[in-house]
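The structure appears right after this line, and notes come after that.
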Amino acid sequence: MEKSAGLLLHISELPSKYGIGSFGIEAKRFVKLLKLAGQKYWQVLPLNPVGEGNSPYSSSCSSALDPYFIDLDLLEKDGFLTKEEITNNSKKNTGRVDYEYLSTHRYNLLFLASKRLLQSKTKTKVYNFYKRNKKWLKDYALFNILTDIYHTEWSSWPMNYRKHKNKDLEELIKNKQEEFNCYVTMQYLAYNQYLKLKKYANKNGVRMVGDLPIYVSYNSSDVWAHQNDFMLAKCGKPLFISGMPADDMCKDGQVWGMPTYNYDYMRKNGFKWWKSRICQTSKLYDLLRLDHFIGFAEYYAIPYATCLAKDGKWMKGPGTELIDIILNYSKADLFAEDLGYLSKNVIDLLNYSKIAGTKIFEYGFNSDKNNPHIPNNYPYNAIAYLGNHDNDVFKNFIITHPNDEKNIRDYLNISIYDDIIEESIENLFASKAKITILMVQDLLKMGKESRINVPGTLSKNNWSFRFKKSDFKKERFLELFELTCKYQRY
């Protein structure tokens, strides 16, 4: 495989007139910028509906796409919305996604478009889409209907619904047929628009890179419909939740809140839920990132009773059993997010899988010359970043970490008068890693306001940053093209 490069920018970060990025014209314009810069990859974060803290890693369904990404201009073009209707939903781009505004305005508009679509000839395509995706789509639509009714987590619903009894659910569909059909139709619209975008990207030589979060949200159709696959008490609440012990990034550890898996039960049914999930998700991407790869070897389980990271303990993961299934069932190429402390078990599992690991430039500059995140130490089988969505943008990182800045300058042999960002990007591209990926924030040398996420926090700024059209300077992408060619990544 030849060396190549790409950029990381989530769909929500794209400019638009309607409060959040979408699968529409601005996404296609970004593909053109990728092509102009000689980039072969566009990495996005999970495209699922956001959950707690507006995080795409805490979704109500691991197979659904976020309806907020449905492009309104395309709906007008197809005749399902009027110009006046979408103009009334325009919102000035302040550089942040306003999720509160979206939650009170966007669904009404999408329901209206869905109803009109279901009255058109396109309704046959919706029906066929439902038949192909019924395994997850039926539960997703029902979960949304019940959430609309009760406004609580599923474990507080009436017993017949909480226990996912099919007879009562079929009756609910009959009583809420219009709402059910609209939730299904919104997924049809989201999938249809995204897959057209992916086809456009592929036609222009750009491969889509996606993300498979290792865990799913407790309050999701996944857990509600597959309760035996998760470590739950009889009341439906989790017995253990996921997280991480204290480390350099989070001194108190991290409590993610997602329920851990019941691997004993999963083994008995041949990891059926995982097979279905990996098949569905991998259809959407050309390259798929296995989030928190460590958890496949060993995972940190925190008692739900305390929800304190310090009370957690390491448990043995499914190992090669599940990795073999993922390798066999994925339609996309794979790589591992293997960040954090790597035990022998994790290293052995990564070597067994033969997939690429992840390297982060920002992690490389302590006093250890053998640090695997120093570019000189990168193997070919690696995906390398300055930083990713959980890291600070590089400009602010060097401001707030003066010791790291000094070590980086010493490593690069540059003075305080040299552009450390430019030199660091070039050093990354010069490494042996087969793929380098830059966050667009780092390419454009943006400051702390552009950080995507601070792990372990529920800040309103997490997952909300957006670019403006004026940020995308064509000259900067042409400079990236020159660098990409210089290091034969084009």
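If you're wondering about the labels, chains in the structure tokens are A, B, ... by order shown, residues count from 1 in each chain, ligands from 1 in order shown.
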Can you check which parts of segment 293-408 of chain A lie within 12 Å of segment 38-62 of chain A? Per residue, the shortest pair of atoms and distance in Å to one decimal, counting only C-alpha atoms, sorted by chain and number, as a Markdown table.
| residue | atom | partner | partner_atom | distance |
| --- | --- | --- | --- | --- |
| A:Ile383 | CA | A:Tyr41 | CA | 11.4 |
| A:Tyr385 | CA | A:Gln43 | CA | 11.6 |
| A:Asn388 | CA | A:Leu45 | CA | 10.4 |
| A:His389 | CA | A:Leu45 | CA | 8.4 |
| A:Asp390 | CA | A:Leu45 | CA | 11.1 |
- Extract the full set of alpha helix (DSSP H) residues from segment 246-458 of chain A according to DSSP on the backbone, and format it as a VMD selection string. chain A and resid 263 to 268 272 to 282 294 to 297 320 to 329 344 to 353 394 to 400 402 to 412 420 to 430 440 to 443
- Message: Measuring between only C-alpha atoms, which one of A:Arg409, A:Arg289, A:Lys28, A:His226 shows the shortest distance to Ala382 of chain A?
- Response: A:Arg289
- Pick from A:Leu327, A:Met244, A:Lys344, A:Asn166 nearest to Tyr300 of chain A, counting only C-alpha atoms: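 Comparing A:Leu327, A:Met244, A:Lys344, A:Asn166 against Tyr300 of chain A, the winner is A:Met244.
Restricting the calculation to only C-alpha atoms, the smallest distance between Lys272 of chain A and any of A:Thr260, A:Asn228, A:Ser415, A:Asn175 is found for A:Asn228.
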- Query: Which one is closest to Asn108 of chain A: A:Tyr380, A:Phe365, A:Tyr183, A:Tyr194? Count only C-alpha atoms.
  - Reply: A:Tyr183
- Pick from A:Met208, A:Ile173, A:Leu189, A:Ile374: nearest to Lys432 of chain A, with only C-alpha atoms counted? A:Ile374
- Task: Find the residues around segment 446-459 of chain A up to 8 Å (only C-alpha atoms counted), leave out those fewer than 6 positions away in its own chain, and share them as a VMD selection string.
- Result: chain A and resid 53 249 to 250 253 to 256 389 to 393 395 to 396 465 to 466
Export N, CA and C atoms of the chosen residues as a PDB file, in the first residue's frame?
ATOM      1  N   GLY A  53     -24.612  15.109  26.426  1.00  0.00           N
ATOM      2  CA  GLY A  53     -23.532  16.035  26.147  1.00  0.00           C
ATOM      3  C   GLY A  53     -23.329  16.300  24.674  1.00  0.00           C
ATOM      4  N   MET A 249      -4.251  12.276  31.139  1.00  0.00           N
ATOM      5  CA  MET A 249      -5.292  13.121  30.559  1.00  0.00           C
ATOM      6  C   MET A 249      -6.365  13.479  31.578  1.00  0.00           C
ATOM      7  N   CYS A 250      -6.709  12.527  32.455  1.00  0.00           N
ATOM      8  CA  CYS A 250      -7.771  12.735  33.451  1.00  0.00           C
ATOM      9  C   CYS A 250      -7.300  12.199  34.805  1.00  0.00           C
ATOM     10  N   GLY A 253      -9.658   9.880  36.523  1.00  0.00           N
ATOM     11  CA  GLY A 253     -10.210   8.821  35.701  1.00  0.00           C
ATOM     12  C   GLY A 253     -11.406   9.313  34.916  1.00  0.00           C
ATOM     13  N   GLN A 254     -11.958   8.429  34.092  1.00  0.00           N
ATOM     14  CA  GLN A 254     -13.107   8.781  33.270  1.00  0.00           C
ATOM     15  C   GLN A 254     -14.248   7.801  33.514  1.00  0.00           C
ATOM     16  N   VAL A 255     -15.459   8.336  33.630  1.00  0.00           N
ATOM     17  CA  VAL A 255     -16.672   7.515  33.741  1.00  0.00           C
ATOM     18  C   VAL A 255     -17.502   7.800  32.502  1.00  0.00           C
ATOM     19  N   TRP A 256     -17.535   6.850  31.578  1.00  0.00           N
ATOM     20  CA  TRP A 256     -18.241   7.056  30.309  1.00  0.00           C
ATOM     21  C   TRP A 256     -19.735   6.774  30.438  1.00  0.00           C
ATOM     22  N   HIS A 389      -9.589  14.126  17.757  1.00  0.00           N
ATOM     23  CA  HIS A 389     -10.732  14.869  18.298  1.00  0.00           C
ATOM     24  C   HIS A 389     -10.737  14.987  19.814  1.00  0.00           C
ATOM     25  N   ASP A 390     -10.017  14.117  20.524  1.00  0.00           N
ATOM     26  CA  ASP A 390      -9.954  14.187  21.981  1.00  0.00           C
ATOM     27  C   ASP A 390      -8.758  14.995  22.477  1.00  0.00           C
ATOM     28  N   ASN A 391      -7.915  15.448  21.569  1.00  0.00           N
ATOM     29  CA  ASN A 391      -6.736  16.227  21.948  1.00  0.00           C
ATOM     30  C   ASN A 391      -6.980  17.713  21.746  1.00  0.00           C
ATOM     31  N   ASP A 392      -6.176  18.522  22.427  1.00  0.00           N
ATOM     32  CA  ASP A 392      -6.228  19.948  22.184  1.00  0.00           C
ATOM     33  C   ASP A 392      -5.702  20.228  20.783  1.00  0.00           C
ATOM     34  N   VAL A 393      -6.202  21.310  20.177  1.00  0.00           N
ATOM     35  CA  VAL A 393      -5.640  21.709  18.887  1.00  0.00           C
ATOM     36  C   VAL A 393      -4.171  22.044  19.104  1.00  0.00           C
ATOM     37  N   LYS A 395      -2.041  24.290  18.126  1.00  0.00           N
ATOM     38  CA  LYS A 395      -1.630  25.655  18.458  1.00  0.00           C
ATOM     39  C   LYS A 395      -1.765  25.914  19.947  1.00  0.00           C
ATOM     40  N   ASN A 396      -2.872  25.498  20.546  1.00  0.00           N
ATOM     41  CA  ASN A 396      -3.066  25.724  21.979  1.00  0.00           C
ATOM     42  C   ASN A 396      -2.245  24.749  22.818  1.00  0.00           C
ATOM     43  N   PHE A 465     -18.122  22.800  17.842  1.00  0.00           N
ATOM     44  CA  PHE A 465     -17.396  23.738  16.981  1.00  0.00           C
ATOM     45  C   PHE A 465     -17.803  23.604  15.516  1.00  0.00           C
ATOM     46  N   ARG A 466     -17.868  24.765  14.824  1.00  0.00           N
ATOM     47  CA  ARG A 466     -18.176  24.779  13.401  1.00  0.00           C
ATOM     48  C   ARG A 466     -17.243  25.725  12.665  1.00  0.00           C
TER      49      ARG A 466
END
- Message: With DSSP run on the backbone, what are the strand (DSSP E) residues within segment 107-243 of chain A? I'd like them as a list in words.
- Response: Arg207, Met208, Val209, Gly210, Asp211, Leu212, Phe240, Ile241, Ser242 and Gly243 of chain A
For the selection you just gave me, I'd like the residues written to a file as a short mmCIF file (atom, residue, chain, number, x, y, z; two decimals), in the first residue's frame, keeping all heavy atoms.
data_model
loop_
_atom_site.label_atom_id
_atom_site.label_comp_id
_atom_site.auth_asym_id
_atom_site.auth_seq_id
_atom_site.Cartn_x
_atom_site.Cartn_y
_atom_site.Cartn_z
N ARG A 207 -11.46 8.56 0.04
CA ARG A 207 -12.07 7.46 0.80
C ARG A 207 -12.59 7.98 2.14
O ARG A 207 -11.94 8.80 2.79
CB ARG A 207 -11.05 6.34 1.05
CG ARG A 207 -10.41 5.78 -0.22
CD ARG A 207 -9.45 4.66 0.11
NE ARG A 207 -10.17 3.42 0.40
CZ ARG A 207 -9.70 2.44 1.19
NH1 ARG A 207 -8.54 2.57 1.78
NH2 ARG A 207 -10.41 1.35 1.38
N MET A 208 -13.77 7.52 2.53
CA MET A 208 -14.38 7.95 3.79
C MET A 208 -13.88 7.10 4.95
O MET A 208 -13.88 5.86 4.88
CB MET A 208 -15.90 7.87 3.70
CG MET A 208 -16.52 8.77 2.64
SD MET A 208 -16.19 10.53 2.85
CE MET A 208 -16.97 10.86 4.44
N VAL A 209 -13.49 7.77 6.03
CA VAL A 209 -13.00 7.11 7.25
C VAL A 209 -14.03 7.33 8.35
O VAL A 209 -14.38 8.48 8.65
CB VAL A 209 -11.64 7.67 7.70
CG1 VAL A 209 -11.12 6.89 8.91
CG2 VAL A 209 -10.63 7.63 6.56
N GLY A 210 -14.52 6.23 8.93
CA GLY A 210 -15.52 6.34 9.98
C GLY A 210 -15.02 5.83 11.31
O GLY A 210 -13.84 5.48 11.47
N ASP A 211 -15.91 5.78 12.27
CA ASP A 211 -15.53 5.44 13.64
C ASP A 211 -16.55 4.48 14.23
O ASP A 211 -17.76 4.71 14.14
CB ASP A 211 -15.48 6.72 14.48
CG ASP A 211 -14.57 6.60 15.68
OD1 ASP A 211 -14.64 5.56 16.36
OD2 ASP A 211 -13.80 7.53 15.95
N LEU A 212 -16.07 3.40 14.84
CA LEU A 212 -16.95 2.44 15.51
C LEU A 212 -16.71 2.53 17.02
O LEU A 212 -15.77 1.94 17.54
CB LEU A 212 -16.66 1.01 15.03
CG LEU A 212 -17.61 -0.04 15.59
CD1 LEU A 212 -18.91 -0.06 14.79
CD2 LEU A 212 -16.99 -1.43 15.54
N PHE A 240 -22.53 -2.71 35.65
CA PHE A 240 -21.24 -2.07 35.48
C PHE A 240 -21.30 -1.11 34.29
O PHE A 240 -22.03 -1.36 33.33
CB PHE A 240 -20.14 -3.11 35.22
CG PHE A 240 -19.93 -4.07 36.36
CD1 PHE A 240 -20.53 -5.32 36.36
CD2 PHE A 240 -19.13 -3.72 37.44
CE1 PHE A 240 -20.35 -6.20 37.40
CE2 PHE A 240 -18.93 -4.59 38.48
CZ PHE A 240 -19.54 -5.84 38.47
N ILE A 241 -20.53 -0.04 34.40
CA ILE A 241 -20.45 0.91 33.31
C ILE A 241 -18.98 1.09 32.90
O ILE A 241 -18.07 0.75 33.64
CB ILE A 241 -21.07 2.27 33.68
CG1 ILE A 241 -20.47 2.81 34.98
CG2 ILE A 241 -22.57 2.15 33.77
CD1 ILE A 241 -20.98 4.19 35.37
N SER A 242 -18.80 1.61 31.71
CA SER A 242 -17.46 1.72 31.14
C SER A 242 -16.75 3.00 31.58
O SER A 242 -17.38 3.96 32.01
CB SER A 242 -17.57 1.70 29.61
OG SER A 242 -18.45 2.73 29.19
N GLY A 243 -15.44 2.99 31.42
CA GLY A 243 -14.63 4.16 31.75
C GLY A 243 -13.17 3.81 31.73
O GLY A 243 -12.77 2.79 31.16
#
- Query: If we count only C-alpha atoms, what is near Asp291 of chain A at a cut-off of 9 Å, once residues fewer than 2 positions away on the same chain are taken out, given as a list in words?
  - Reply: Asp211, Leu212, Pro213, Ile214, Tyr215, Arg289, Phe293, Ile294, Gly295, Phe335, Ala336, Glu337 and Asp338 of chain A
Export N, CA, C and O atoms of the chosen residues as a PDB file, in the first residue's frame?
ATOM      1  N   ASP A 211     -15.906   5.775  12.271  1.00  0.00           N
ATOM      2  CA  ASP A 211     -15.529   5.441  13.643  1.00  0.00           C
ATOM      3  C   ASP A 211     -16.553   4.478  14.232  1.00  0.00           C
ATOM      4  O   ASP A 211     -17.755   4.712  14.136  1.00  0.00           O
ATOM      5  N   LEU A 212     -16.073   3.398  14.844  1.00  0.00           N
ATOM      6  CA  LEU A 212     -16.947   2.441  15.512  1.00  0.00           C
ATOM      7  C   LEU A 212     -16.709   2.534  17.017  1.00  0.00           C
ATOM      8  O   LEU A 212     -15.767   1.942  17.538  1.00  0.00           O
ATOM      9  N   PRO A 213     -17.531   3.307  17.745  1.00  0.00           N
ATOM     10  CA  PRO A 213     -17.366   3.368  19.197  1.00  0.00           C
ATOM     11  C   PRO A 213     -17.478   1.968  19.806  1.00  0.00           C
ATOM     12  O   PRO A 213     -18.361   1.197  19.420  1.00  0.00           O
ATOM     13  N   ILE A 214     -16.602   1.654  20.741  1.00  0.00           N
ATOM     14  CA  ILE A 214     -16.641   0.300  21.289  1.00  0.00           C
ATOM     15  C   ILE A 214     -17.911   0.069  22.100  1.00  0.00           C
ATOM     16  O   ILE A 214     -18.470  -1.030  22.092  1.00  0.00           O
ATOM     17  N   TYR A 215     -18.422   1.105  22.769  1.00  0.00           N
ATOM     18  CA  TYR A 215     -19.625   0.960  23.589  1.00  0.00           C
ATOM     19  C   TYR A 215     -20.800   1.720  22.967  1.00  0.00           C
ATOM     20  O   TYR A 215     -20.609   2.565  22.091  1.00  0.00           O
ATOM     21  N   ARG A 289     -12.328   2.972  11.964  1.00  0.00           N
ATOM     22  CA  ARG A 289     -11.516   3.035  13.178  1.00  0.00           C
ATOM     23  C   ARG A 289     -12.193   2.272  14.301  1.00  0.00           C
ATOM     24  O   ARG A 289     -13.351   2.534  14.626  1.00  0.00           O
ATOM     25  N   PHE A 293      -9.501   0.246  21.217  1.00  0.00           N
ATOM     26  CA  PHE A 293      -9.117  -1.135  20.910  1.00  0.00           C
ATOM     27  C   PHE A 293      -8.678  -1.892  22.164  1.00  0.00           C
ATOM     28  O   PHE A 293      -8.852  -3.116  22.258  1.00  0.00           O
ATOM     29  N   ILE A 294      -8.152  -1.176  23.138  1.00  0.00           N
ATOM     30  CA  ILE A 294      -7.730  -1.798  24.399  1.00  0.00           C
ATOM     31  C   ILE A 294      -8.850  -2.641  24.985  1.00  0.00           C
ATOM     32  O   ILE A 294      -8.621  -3.725  25.542  1.00  0.00           O
ATOM     33  N   GLY A 295     -10.099  -2.134  24.842  1.00  0.00           N
ATOM     34  CA  GLY A 295     -11.236  -2.805  25.460  1.00  0.00           C
ATOM     35  C   GLY A 295     -11.540  -4.181  24.904  1.00  0.00           C
ATOM     36  O   GLY A 295     -12.244  -4.964  25.544  1.00  0.00           O
ATOM     37  N   PHE A 335      -8.602   0.023  11.215  1.00  0.00           N
ATOM     38  CA  PHE A 335      -7.419   0.352  12.002  1.00  0.00           C
ATOM     39  C   PHE A 335      -7.838   0.552  13.450  1.00  0.00           C
ATOM     40  O   PHE A 335      -9.030   0.704  13.751  1.00  0.00           O
ATOM     41  N   ALA A 336      -6.875   0.520  14.356  1.00  0.00           N
ATOM     42  CA  ALA A 336      -7.164   0.490  15.789  1.00  0.00           C
ATOM     43  C   ALA A 336      -6.804   1.802  16.464  1.00  0.00           C
ATOM     44  O   ALA A 336      -5.744   2.375  16.213  1.00  0.00           O
ATOM     45  N   GLU A 337      -7.691   2.280  17.322  1.00  0.00           N
ATOM     46  CA  GLU A 337      -7.359   3.365  18.243  1.00  0.00           C
ATOM     47  C   GLU A 337      -6.810   2.680  19.497  1.00  0.00           C
ATOM     48  O   GLU A 337      -7.560   2.274  20.379  1.00  0.00           O
ATOM     49  N   ASP A 338      -5.508   2.507  19.531  1.00  0.00           N
ATOM     50  CA  ASP A 338      -4.848   1.747  20.600  1.00  0.00           C
ATOM     51  C   ASP A 338      -4.096   2.676  21.543  1.00  0.00           C
ATOM     52  O   ASP A 338      -2.949   2.419  21.912  1.00  0.00           O
TER      53      ASP A 338
END
